[in-house]
Amino acid sequence: MVSSRHLNLGLAAVFAVFAAAACSDRSAVAPEAGPAPVLPTSPGSAIRALDCVVNVRGGTIGCGPEGLPAGVHADAVVGGQNVYVRMASTNVAYDPDGEVLSADVTVQNLLPQAMGTRDGTAVDSAGIKVFFTGAPVTQTGTGSVTVTNADGTGTFLGGSQQFFRYDEKLDSGQVSAPKSWHFAVPVEVTSFTFKVYVATPLKPLMIINELMSDPAVVVDSLGEWLEVYNRGLDAVDLFGWQVASLNDATQTINVHINVPPRGYAVLGKKTDPTKNGNVNVQWSFGPINLANNTTDWVALRTPTGASADSVINGTAPTSGRSRGVVDPAADNTTASGTNWSLATSFYGGGTTNKGTPGAANDGSTGPVTPPTSAGPARSVVMSPDSATVIVGTTRQFTATARDSANQVTTSTYTWNSLNASVASVATNGLVTANAVGLTQIIVTAATGVADTANVRVDTATAGPSGSQYLNHLEFGRPMDADSTNELMVRHTEYVLSYSPKHAGPNWVAWDLNLTHFGAAARCNCFAADPTLPDSVYHVVTSDYTGSGYSRGHMVMSEERTASDLENLHAFYMTNILPQYQDMNGGPWLLFENYANDLARTQNKEIYIISGGIWPANPSTLSNKGVVEIPTSTWKVIVVVPRGTGLSSIHSTADLKVYAVNMPNVTGILGQPWQTYQTTVDAIEAATGYDLLALLPDDIEAAVESTQATP
């Protein structure tokens with residue numbers, strides 16, 4: 001049985017092996033009581049596929065462990081039958097005259113969440129699919145065995161595999177209706193083998209797990225927060241989910257918040273911990289107020305508006321103390337009920353705010369005890385859970401271990417690749433793509449728990465490139481008084497000045513027009529820039545891991561989607577600066593989209609220069625003294641008609657120039673980009689660079705001193 005956090009098929013998935021008996025087991029599974037089970041990930045026994053053996057004449061089907069098949073198209077952790085799914089068979093029979101073996105097969109859901117549905121109500125059109133890894137293989141006898149009545153084929157392993165589909169929603173413990181499976185088996189065959197896996201949509205299982213409705217150290221408008229908990233065995237991205245409350249407008253989460261199985265996310269009024277009482281809030285619900293009365297309620301809804309969970313106060317909250325769920329599997333609809341407890345742990349900001357935002361609730365009524373150190377690793381999760389890497393490039397993978405109390409804990413890790421000729425992995429989790437193909441990366445913590453991730457290695461193609469690049473430095477190369485702090489790096493898609501001191505670009509310049517947009521997928525293949533000399537530190541994606549900063553593109557990935565190769569080059573780390581996500585995914589993204597729309601929908605040619613501003617003594621990522629963090633990021637765009645450039649500029653009417661300088665801070669996610677509009681002159685004064693120097697002097701003076709109107 002294989003458990004997966006995400007399939008390339010677009011399905012959250014769970015995998016299981018076919019049942020090991022010719023008898024039916026329809027016994028119901030009791031609803032979950034207590035925490036969700038820990039994934040069985042011991043590499044000695046759990047990372048196994050199961051190979052099913054059919055005794056044709058005896059009418060039995062039995063399964064046993066076998067090596068994990070290379071190239072399973074999912075992030076797979078393999079376990080035994082009866083852990084997440086139970087497959088059972090009845091009426092196993094062989095007809096020698098028609099040379100057909102048949103069996104009635106059922107699927108039972110042993111997960112704490114519903115299978116075959118995305119919202120818990122509607123049956124998903126994808127169905128619960130039982131995939132064959134390939135054709136059955138004859139074990140004894142002669143002749144070929146085939147599946148004769150499969151419902152369809154799909155690309156589960158990257159090729160075409162047959163599957164049976166169960167068009168049902170199965171709640172926890174529920175057994176499907178039987179489906180008849182038929183195999184064409186020549187009379188000369190007395191036994192054969194096959195493998196199957198189950199791929200299914202899963203209902204997210206998110207609950208509201210802790211509420212701070214009446215903070216004491218800070219006012220309500222700054223310090224309110226709620227914690228959500230993922231009870232399911234599948235990671236959930238909260239992008240597009242909704243938070244609602246009585247008498248308040250529903251708010252939609254507009255950032256990607258990945259909540260791992262048995263993981264937490266904290267949503268609150270303010271994301272700035274210096275203002276909200278020292279809480280790490282991942283998204284601000286802004287105008288929603290958690291009223292301090294008995295009737296107020298708060299709800300969490302899926303992107304379709306379906307209710308995932310809802311909690312009513314019941315009684316007025318206690319000032320300065322959060323209320324947390326005691327048993328995540330029990331009824332939590334009333335925060336004053338027996339399944340809720342007042343917090344006793346301090347999270348900071350003074351001695352009157354108590355709670356455990358982002359961690360397991362203490363559930364205690366006794367005195368506060370100092371926190372103990374985390375225990376040994378009970379589970380480990382790898383990130384990313386799957387990836388496509390281009391031949392000759394690298395991709396950083398990381399691992400996070402948690403103890404039995406779901407606290408993050410430290411561990412040493414062993415990294416392995418199931419097929420190093422396709423992709424090898426270093427001792428720090430850096431994967432190198434060697435040849436086209438599919439493989440899996442396995443990370444094992446010191447305690448033996450493990451996780452796997454699928455890696456597809458592909459070639460970068462130029463695509464149907466119709467990309468037309470004009471001069472990236474059409475209006476002049478930015479120059480300052482210090483030529484010792486720059487290395488010029490030139491790619492087809494952009495040109496940049498690289499700073500060995502900052503370990504990032506001083507500036508990046510690029511041309512943008514509608515030919516640069518296409519159907520190439522975002523590769524997410526952050527890699528060191530191979531064009532940098534060996535004498536310079538090569539920044540890798542793991543330099544950012546755990547730093548709290550996003551990998552902020554200068555040239556946006558979307559702006560280089562005409563081919564795979566162009567998109568790959570946008571992910572070189574020389575094109576990246578550290579940015580807080582509130583800025584990167586907020587006003588910075590809005591300004592990027594504004595420029596993109598000018599190029600795509602208004603047929604403009606746009607010349608862009610972007611870079612950072614650093615203080616005299618900048619901080620560095622994770623305080624490692626390598627990648628320096630800018631205090632702001634600036635961008636200048638020159639907008640002219642498609643296909644034109646400097647030679648077409650005769651007056652200020654022939655171009656528009658926009659400039660922005662955005663602070664690299666939290667708390668600005670909802671700000672429009674115009675809030676940070678400035679002049680080129682102001683950016684030149686802050687950076688020391690002379691920009692747009694090739695413009696005629698009178699035009700340069702005019703456009704650099706004014707702000708263009710959008």
# chains A, B, ... in the order shown; residues from 1 in each chain; ligands from 1

$ residues_around --residues "segment 688-697 of chain A" --least-positions-apart "5" --cutoff "6 Å" --atoms "only C-alpha atoms" --output "JSON, numbers by chain"
{"A": [475, 476, 478, 479, 480]}

$ write_last_selection --atoms "N, CA and C atoms" --output "PDB file, in the first residue's frame"
ATOM      1  N   PHE A 475      18.187  51.003 -23.200  1.00  0.00           N
ATOM      2  CA  PHE A 475      18.297  52.393 -22.745  1.00  0.00           C
ATOM      3  C   PHE A 475      19.533  52.634 -21.883  1.00  0.00           C
ATOM      4  N   GLY A 476      20.484  51.704 -21.976  1.00  0.00           N
ATOM      5  CA  GLY A 476      21.752  51.902 -21.299  1.00  0.00           C
ATOM      6  C   GLY A 476      21.974  50.938 -20.159  1.00  0.00           C
ATOM      7  N   PRO A 478      23.015  50.133 -16.503  1.00  0.00           N
ATOM      8  CA  PRO A 478      23.122  50.865 -15.231  1.00  0.00           C
ATOM      9  C   PRO A 478      24.569  50.858 -14.728  1.00  0.00           C
ATOM     10  N   MET A 479      25.054  52.016 -14.357  1.00  0.00           N
ATOM     11  CA  MET A 479      26.435  52.153 -13.905  1.00  0.00           C
ATOM     12  C   MET A 479      26.458  52.901 -12.579  1.00  0.00           C
ATOM     13  N   ASP A 480      27.379  52.462 -11.680  1.00  0.00           N
ATOM     14  CA  ASP A 480      27.607  53.211 -10.452  1.00  0.00           C
ATOM     15  C   ASP A 480      29.108  53.416 -10.282  1.00  0.00           C
TER      16      ASP A 480
END

$ select_by_dssp --residues "segment 237-318 of chain A" --states "alpha helix (DSSP H)" --output "ChimeraX atom specification"
/A:273-276

$ closest_atom_pairs --of "segment 182-213 of chain A" --to "segment 108-130 of chain A" --cutoff "12 Å" --atoms "only C-alpha atoms" --output "tab-separated table"
residue	atom	partner	partner_atom	distance
A:Lys195	CA	A:Val130	CA	10.0
A:Val196	CA	A:Val130	CA	6.3
A:Tyr197	CA	A:Val130	CA	5.5
A:Val198	CA	A:Val130	CA	4.4
A:Ala199	CA	A:Lys129	CA	5.2
A:Thr200	CA	A:Ile128	CA	4.7
A:Pro201	CA	A:Gly116	CA	5.1
A:Leu202	CA	A:Met115	CA	4.8
A:Lys203	CA	A:Arg118	CA	4.5
A:Pro204	CA	A:Arg118	CA	7.1
A:Leu205	CA	A:Gln113	CA	6.2
A:Met206	CA	A:Gln113	CA	10.0

$ closest_residue --among "A:Ala659, A:Leu170, A:Leu101, A:Ala374" --to "Ser191 of chain A" --atoms "only C-alpha atoms"
A:Leu101

$ closest_residue --among "A:Cys525, A:Gly645, A:Arg477, A:Ser483" --to "Gln396 of chain A" --atoms "only C-alpha atoms"
A:Cys525

$ residues_around --residues "segment 535-549 of chain A" --least-positions-apart "2" --cutoff "8 Å" --atoms "only C-alpha atoms" --output "PyMOL selection string"
chain A and resi 395-398+500+503+526-529+532-533+551+573-574+578-581+621-622+627

$ write_last_selection --atoms "C-alpha atoms" --output "JSON list (two decimals), in the first residue's frame"
[["chain", "number", "residue", "atom", "x", "y", "z"],
["A", 395, "ARG", "CA", 16.97, 20.74, -7.27],
["A", 396, "GLN", "CA", 17.23, 21.07, -3.51],
["A", 397, "PHE", "CA", 15.10, 18.74, -1.40],
["A", 398, "THR", "CA", 14.67, 19.19, 2.34],
["A", 500, "PRO", "CA", 29.62, 38.55, -5.03],
["A", 503, "ALA", "CA", 25.37, 36.88, -3.29],
["A", 526, "PHE", "CA", 15.83, 26.70, -8.69],
["A", 527, "ALA", "CA", 19.49, 26.04, -9.48],
["A", 528, "ALA", "CA", 22.91, 27.61, -9.13],
["A", 529, "ASP", "CA", 23.89, 29.65, -12.20],
["A", 532, "LEU", "CA", 29.31, 32.14, -12.64],
["A", 533, "PRO", "CA", 33.06, 31.66, -12.22],
["A", 551, "ARG", "CA", 13.01, 33.19, -3.50],
["A", 573, "MET", "CA", 19.66, 31.83, -8.42],
["A", 574, "THR", "CA", 21.41, 34.84, -9.98],
["A", 578, "PRO", "CA", 15.34, 37.40, -0.74],
["A", 579, "GLN", "CA", 11.83, 38.82, -0.40],
["A", 580, "TYR", "CA", 9.22, 38.51, 2.31],
["A", 581, "GLN", "CA", 6.21, 36.72, 0.83],
["A", 621, "LEU", "CA", 19.64, 34.52, 5.31],
["A", 622, "SER", "CA", 19.48, 32.42, 8.48],
["A", 627, "VAL", "CA", 23.12, 35.83, 1.10]]

$ atom_distance --atom1 "atom CA of Asn289 of chain A" --atom2 "atom CA of Asn254 of chain A"
18.5 Å

$ closest_residue --among "A:Val56, A:Thr153, A:Asp272, A:Arg600" --to "Ala135 of chain A" --atoms "only C-alpha atoms"
A:Thr153

$ closest_residue --among "A:Val443, A:Val175, A:Ala450, A:Ala244" --to "Asp309 of chain A" --atoms "only C-alpha atoms"
A:Ala244

$ residues_around --residues "Val281 of chain A" --least-positions-apart "5" --cutoff "12 Å" --atoms "only C-alpha atoms" --output "list of chain:residue names"
A:Leu222, A:Gly223, A:Glu224, A:Trp225, A:Leu226, A:Glu227, A:Val228, A:Ile257, A:Tyr264, A:Ala265, A:Val266, A:Leu267, A:Gly268, A:Lys269, A:Lys270, A:Thr271, A:Asp272, A:Pro273, A:Thr274, A:Lys275, A:Asn276, A:Gly286, A:Pro357, A:Gly358, A:Asp582, A:Thr666, A:Gly667

$ residues_around --residues "Ala387 of chain A" --least-positions-apart "4" --cutoff "8 Å" --atoms "only C-alpha atoms" --output "PDB file with C-alpha atoms, in the first residue's frame"
ATOM      1  CA  ALA A 453       9.393  11.938  -3.451  1.00  0.00           C
ATOM      2  CA  ASN A 454       8.990  11.340  -7.153  1.00  0.00           C
ATOM      3  CA  VAL A 455      11.501  12.933  -9.495  1.00  0.00           C
ATOM      4  CA  ARG A 456      10.915  13.168 -13.217  1.00  0.00           C
ATOM      5  CA  ASN A 524      10.296  25.215  -9.989  1.00  0.00           C
TER       6      ASN A 524
END

$ closest_residue --among "A:Val185, A:Ile668, A:Val639, A:Ile629" --to "Lys604 of chain A" --atoms "only C-alpha atoms"
A:Val639

$ residues_around --residues "Ala599 of chain A" --least-positions-apart "2" --cutoff "12 Å" --atoms "only C-alpha atoms" --output "PyMOL selection string"
chain A and resi 511-517+559+592-597+601-608+637-643

$ write_last_selection --atoms "N, CA and C atoms" --output "PDB file, in the first residue's frame"
ATOM      1  N   ASP A 511      14.004  42.429 -21.635  1.00  0.00           N
ATOM      2  CA  ASP A 511      12.978  42.859 -22.585  1.00  0.00           C
ATOM      3  C   ASP A 511      11.762  41.962 -22.417  1.00  0.00           C
ATOM      4  N   LEU A 512      10.572  42.538 -22.606  1.00  0.00           N
ATOM      5  CA  LEU A 512       9.339  41.771 -22.426  1.00  0.00           C
ATOM      6  C   LEU A 512       8.337  42.139 -23.504  1.00  0.00           C
ATOM      7  N   ASN A 513       7.827  41.120 -24.188  1.00  0.00           N
ATOM      8  CA  ASN A 513       6.735  41.319 -25.143  1.00  0.00           C
ATOM      9  C   ASN A 513       5.911  40.042 -25.203  1.00  0.00           C
ATOM     10  N   LEU A 514       4.846  40.066 -25.980  1.00  0.00           N
ATOM     11  CA  LEU A 514       3.882  38.956 -25.953  1.00  0.00           C
ATOM     12  C   LEU A 514       4.461  37.638 -26.436  1.00  0.00           C
ATOM     13  N   THR A 515       5.589  37.661 -27.186  1.00  0.00           N
ATOM     14  CA  THR A 515       6.161  36.398 -27.665  1.00  0.00           C
ATOM     15  C   THR A 515       6.832  35.602 -26.558  1.00  0.00           C
ATOM     16  N   HIS A 516       6.998  36.209 -25.395  1.00  0.00           N
ATOM     17  CA  HIS A 516       7.693  35.536 -24.301  1.00  0.00           C
ATOM     18  C   HIS A 516       6.748  34.721 -23.425  1.00  0.00           C
ATOM     19  N   PHE A 517       5.461  34.764 -23.729  1.00  0.00           N
ATOM     20  CA  PHE A 517       4.475  34.004 -22.956  1.00  0.00           C
ATOM     21  C   PHE A 517       4.020  32.794 -23.767  1.00  0.00           C
ATOM     22  N   GLU A 559       6.951  35.205 -17.246  1.00  0.00           N
ATOM     23  CA  GLU A 559       7.422  36.011 -18.369  1.00  0.00           C
ATOM     24  C   GLU A 559       8.371  35.242 -19.283  1.00  0.00           C
ATOM     25  N   GLU A 592       4.078  43.165 -11.324  1.00  0.00           N
ATOM     26  CA  GLU A 592       4.472  42.228 -12.374  1.00  0.00           C
ATOM     27  C   GLU A 592       3.294  41.952 -13.308  1.00  0.00           C
ATOM     28  N   ASN A 593       2.134  41.705 -12.735  1.00  0.00           N
ATOM     29  CA  ASN A 593       0.954  41.417 -13.554  1.00  0.00           C
ATOM     30  C   ASN A 593       0.558  42.613 -14.408  1.00  0.00           C
ATOM     31  N   TYR A 594       0.738  43.817 -13.865  1.00  0.00           N
ATOM     32  CA  TYR A 594       0.422  45.020 -14.633  1.00  0.00           C
ATOM     33  C   TYR A 594       1.310  45.099 -15.875  1.00  0.00           C
ATOM     34  N   ALA A 595       2.609  44.870 -15.700  1.00  0.00           N
ATOM     35  CA  ALA A 595       3.528  44.897 -16.844  1.00  0.00           C
ATOM     36  C   ALA A 595       3.211  43.784 -17.829  1.00  0.00           C
ATOM     37  N   ASN A 596       2.907  42.590 -17.303  1.00  0.00           N
ATOM     38  CA  ASN A 596       2.584  41.471 -18.187  1.00  0.00           C
ATOM     39  C   ASN A 596       1.354  41.764 -19.032  1.00  0.00           C
ATOM     40  N   ASP A 597       0.350  42.381 -18.436  1.00  0.00           N
ATOM     41  CA  ASP A 597      -0.863  42.715 -19.182  1.00  0.00           C
ATOM     42  C   ASP A 597      -0.578  43.742 -20.274  1.00  0.00           C
ATOM     43  N   THR A 601      -1.781  42.070 -23.603  1.00  0.00           N
ATOM     44  CA  THR A 601      -3.093  42.521 -24.076  1.00  0.00           C
ATOM     45  C   THR A 601      -3.055  43.863 -24.803  1.00  0.00           C
ATOM     46  N   GLN A 602      -1.978  44.644 -24.569  1.00  0.00           N
ATOM     47  CA  GLN A 602      -1.888  45.943 -25.244  1.00  0.00           C
ATOM     48  C   GLN A 602      -0.738  46.009 -26.240  1.00  0.00           C
ATOM     49  N   ASN A 603      -0.088  44.867 -26.461  1.00  0.00           N
ATOM     50  CA  ASN A 603       0.948  44.741 -27.485  1.00  0.00           C
ATOM     51  C   ASN A 603       2.058  45.775 -27.313  1.00  0.00           C
ATOM     52  N   LYS A 604       2.543  45.881 -26.070  1.00  0.00           N
ATOM     53  CA  LYS A 604       3.623  46.819 -25.785  1.00  0.00           C
ATOM     54  C   LYS A 604       4.965  46.087 -25.712  1.00  0.00           C
ATOM     55  N   GLU A 605       6.018  46.823 -26.012  1.00  0.00           N
ATOM     56  CA  GLU A 605       7.378  46.369 -25.749  1.00  0.00           C
ATOM     57  C   GLU A 605       7.798  47.024 -24.440  1.00  0.00           C
ATOM     58  N   ILE A 606       8.305  46.225 -23.517  1.00  0.00           N
ATOM     59  CA  ILE A 606       8.626  46.753 -22.197  1.00  0.00           C
ATOM     60  C   ILE A 606      10.074  46.403 -21.866  1.00  0.00           C
ATOM     61  N   TYR A 607      10.818  47.416 -21.477  1.00  0.00           N
ATOM     62  CA  TYR A 607      12.203  47.235 -21.055  1.00  0.00           C
ATOM     63  C   TYR A 607      12.252  47.438 -19.538  1.00  0.00           C
ATOM     64  N   ILE A 608      12.763  46.431 -18.824  1.00  0.00           N
ATOM     65  CA  ILE A 608      12.648  46.397 -17.372  1.00  0.00           C
ATOM     66  C   ILE A 608      14.033  46.306 -16.733  1.00  0.00           C
ATOM     67  N   ILE A 637      10.223  50.268 -15.358  1.00  0.00           N
ATOM     68  CA  ILE A 637       9.806  49.737 -16.654  1.00  0.00           C
ATOM     69  C   ILE A 637       9.588  50.889 -17.632  1.00  0.00           C
ATOM     70  N   VAL A 638      10.069  50.666 -18.853  1.00  0.00           N
ATOM     71  CA  VAL A 638       9.880  51.626 -19.949  1.00  0.00           C
ATOM     72  C   VAL A 638       8.921  50.979 -20.940  1.00  0.00           C
ATOM     73  N   VAL A 639       7.815  51.630 -21.208  1.00  0.00           N
ATOM     74  CA  VAL A 639       6.756  51.074 -22.045  1.00  0.00           C
ATOM     75  C   VAL A 639       6.708  51.823 -23.359  1.00  0.00           C
ATOM     76  N   VAL A 640       6.865  51.077 -24.466  1.00  0.00           N
ATOM     77  CA  VAL A 640       6.819  51.659 -25.810  1.00  0.00           C
ATOM     78  C   VAL A 640       6.007  50.734 -26.707  1.00  0.00           C
ATOM     79  N   PRO A 641       5.626  51.171 -27.918  1.00  0.00           N
ATOM     80  CA  PRO A 641       4.892  50.277 -28.818  1.00  0.00           C
ATOM     81  C   PRO A 641       5.710  49.036 -29.158  1.00  0.00           C
ATOM     82  N   ARG A 642       5.011  47.942 -29.417  1.00  0.00           N
ATOM     83  CA  ARG A 642       5.643  46.655 -29.722  1.00  0.00           C
ATOM     84  C   ARG A 642       6.655  46.803 -30.847  1.00  0.00           C
ATOM     85  N   GLY A 643       7.869  46.262 -30.614  1.00  0.00           N
ATOM     86  CA  GLY A 643       8.904  46.215 -31.628  1.00  0.00           C
ATOM     87  C   GLY A 643       9.741  47.467 -31.749  1.00  0.00           C
TER      88      GLY A 643
END

$ atom_distance --atom1 "atom CA of Asp458 of chain A" --atom2 "atom CA of Ala420 of chain A"
14.6 Å

$ residues_around --residues "segment 486-490 of chain A" --least-positions-apart "3" --cutoff "10 Å" --atoms "only C-alpha atoms" --output "VMD selection string"
chain A and resid 472 482 to 483 493 to 502 504 to 509 529 531 to 533 536 574
